[in-house]
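Inspection log for the structure reproduced underneath, given as structure tokens.
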Amino acid sequence: MTRTDMGRAAERRDGLSGWSGRTIIAVVVAVFVLFFAIPIVWLLLATTKSARGLIVGNPFRPGGLGDLAANWDQLFGFQDGAVTAWVGNSALYALGALVITLVASIPAGYAMALTEFRFRRLLLVLTLIVMLIPNTALVLPIFLELNAAGLIGSPLSVILPMSFFPFGVYLTYIYFSTSVPRDLLAAARLDGCSEAQVFGRVALPLAAPIVALVAFFSFVQNWNNFFLPFVMLPSSEGYPIQVGLTSLLASTPAFNPSSAGAQSVQLPTLALATVVSVLPVLVVFLFSQRFLVAGMTAGGTKE
């Protein structure tokens with residue numbers, strides 16, 4: 001085969017490879033749009049329509065601000081403002097658990113990464129094992145434990161189990177193991193700093209990206225948690241918004257024909273409730289994405 005023939009064959013292979021790559025990208029984008037983007041667009045547009053317009057109108061034609069305002073009033077007037085209480089409960093549970101998570105997981109990750117003590121390796125192994133256990137598998141023993149302590153139905157029955165976040169401990173361990181120079185900590189000890197001062201004045205300021213990352217993951221998990229508060233809270237007054245959505249669903253005649261009445265909600269109102277339930281997570285993500293990127297890349301290289 002001549003050099004010219006070899007060049008032509010290489011060009012055909014490169015052209016085929018480029019064509020195949022573009023085809024794969026196009027298929028992936030089409031699947032994403034079909035299964036993710038289109039339902040989200042429909043959901044957002046549904047909040048601006050009346051119940052009749054949602055059924056008989058063009059599914060992708062926007063409604064009006066008047067219908068959106070009516071859906072908003074119906075949503076937050078449901079059961080004398082129950083939705084407002086549910087959103088407040090979600091904030092209480094998520095933020096309360098977040099504070100305890102940061103206070104516990106950041107020092108724990110630091111201790112396992114940069115200090116020596118008995119059973120250190122065993123604790124790390126147990127942390128990894130607990131990360132693999134589904135959260136739903138722990139709900140029943142946690143329920144029995146909290147029931148024995150008389151905490152069922154109280155905010156602590158949700159906040160305390162949510163605060164248990166071994167993934168945050170492992171993230172912090174990885175960061176301190178790879179991104180904080182040990183010589184810097186040793187210099188602080190030589191200057192007379194105690195171990196608590198080394199952590200608070202040197203290590204913790206350097207760990208701001210990973211603190212933000214752990215906080216974000218913890219908040220998202222706590223806000224979206226459904227099964228735990230569903231089991232722990234017998235009264236709807238203490239529901240977070242994710243559990244409260246089940247009450248809205250049961251009060252929607254399209255899903256429960258027996259619910260038709262003064263306290264029933266329509267499909268556009270239910271769609272608005274789902275948007276409201278995810279809006280805080282979206283807002284937190286938009287305002288913290290710079291810190292999240294820094295946290296995700298932290299620990300990628302060893303100092």
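By order of appearance in the structure tokens: chains A, B, ..., then residues from 1 within every chain, and ligands from 1 in the order shown.
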
Determine, counting only C-alpha atoms, which protein, DNA and RNA residues have an atom within 12 Å of an atom of Val158 of chain A; residues of the same chain fewer than 5 positions away are not included. Present the result as a PyMOL selection string. chain A and resi 89-98+139+142-143+146+151-153+163-164+222-223+225-234+238-240

Could you tell me how far atom CA of Leu128 of chain A lies from atom CA of Tyr170 of chain A, in Å and to one decimal? 7.5 Å

Close residues, segment 242-256 of chain A itself excluded, 8 Å, only C-alpha atoms, min 3 positions apart in chain, as a VMD selection string: chain A and resid 83 86 223 to 226 229 to 230 236 239 259 to 260 263 to 267 270 273 to 274 277

Please give the complete set of residues from segment 85-189 of chain A that DSSP, run on the backbone, assigns to helix (DSSP H, G or I), formatted as number ranges by chain. A: 85-114, 120-132, 135-148, 156-163, 166-179, 182-189

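The interatomic distance for the pair atom CA of Ile174 of chain A and atom CA of Pro141 of chain A works out to 29.7 Å.
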
Hey, can you check how far atom CA of Leu45 of chain A sits from atom CA of Leu279 of chain A? 15.3 Å

Polymer residues at most 12 Å from Val103 of chain A, only C-alpha atoms, same-chain spacing of 3 or more positions, as a count of residues only: 20

Counting only C-alpha atoms, what is within 12 Å of Met112 of chain A, bar same-chain residues fewer than 4 positions away, as an mmCIF file with C-alpha atoms, in the first residue's frame?
data_model
loop_
_atom_site.group_PDB
_atom_site.id
_atom_site.type_symbol
_atom_site.label_atom_id
_atom_site.label_comp_id
_atom_site.auth_asym_id
_atom_site.auth_seq_id
_atom_site.Cartn_x
_atom_site.Cartn_y
_atom_site.Cartn_z
ATOM 1 C CA SER A 105 -18.422 15.472 60.440
ATOM 2 C CA ILE A 106 -15.750 18.130 59.792
ATOM 3 C CA PRO A 107 -13.792 17.492 63.032
ATOM 4 C CA ALA A 108 -14.295 13.737 62.605
ATOM 5 C CA GLU A 116 -3.231 9.161 65.336
ATOM 6 C CA PHE A 117 -5.413 7.332 67.850
ATOM 7 C CA ARG A 118 -6.533 3.790 68.637
ATOM 8 C CA PHE A 119 -9.091 2.199 66.313
ATOM 9 C CA ARG A 120 -8.614 4.987 63.750
ATOM 10 C CA ARG A 121 -8.511 2.583 60.808
ATOM 11 C CA LEU A 122 -11.462 0.622 62.187
ATOM 12 C CA LEU A 123 -13.553 3.805 62.367
ATOM 13 C CA LEU A 124 -12.686 4.619 58.780
ATOM 14 C CA VAL A 125 -13.715 1.145 57.635
ATOM 15 C CA THR A 127 -17.656 4.774 57.965
ATOM 16 C CA VAL A 169 -17.032 12.461 57.167
ATOM 17 C CA TYR A 170 -15.456 10.571 54.267
ATOM 18 C CA LEU A 171 -15.338 13.666 52.014
ATOM 19 C CA THR A 172 -13.649 15.619 54.780
ATOM 20 C CA TYR A 173 -11.209 12.778 55.420
ATOM 21 C CA ILE A 174 -10.206 12.694 51.745
ATOM 22 C CA TYR A 175 -9.714 16.472 51.645
ATOM 23 C CA PHE A 176 -7.579 16.707 54.777
ATOM 24 C CA SER A 177 -5.557 13.664 53.710
#

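If you measure from each of A:Met162, A:Leu206, A:Leu126, A:Leu272 to Ile40 of chain A using only C-alpha atoms, the closest one turns out to be A:Leu272.
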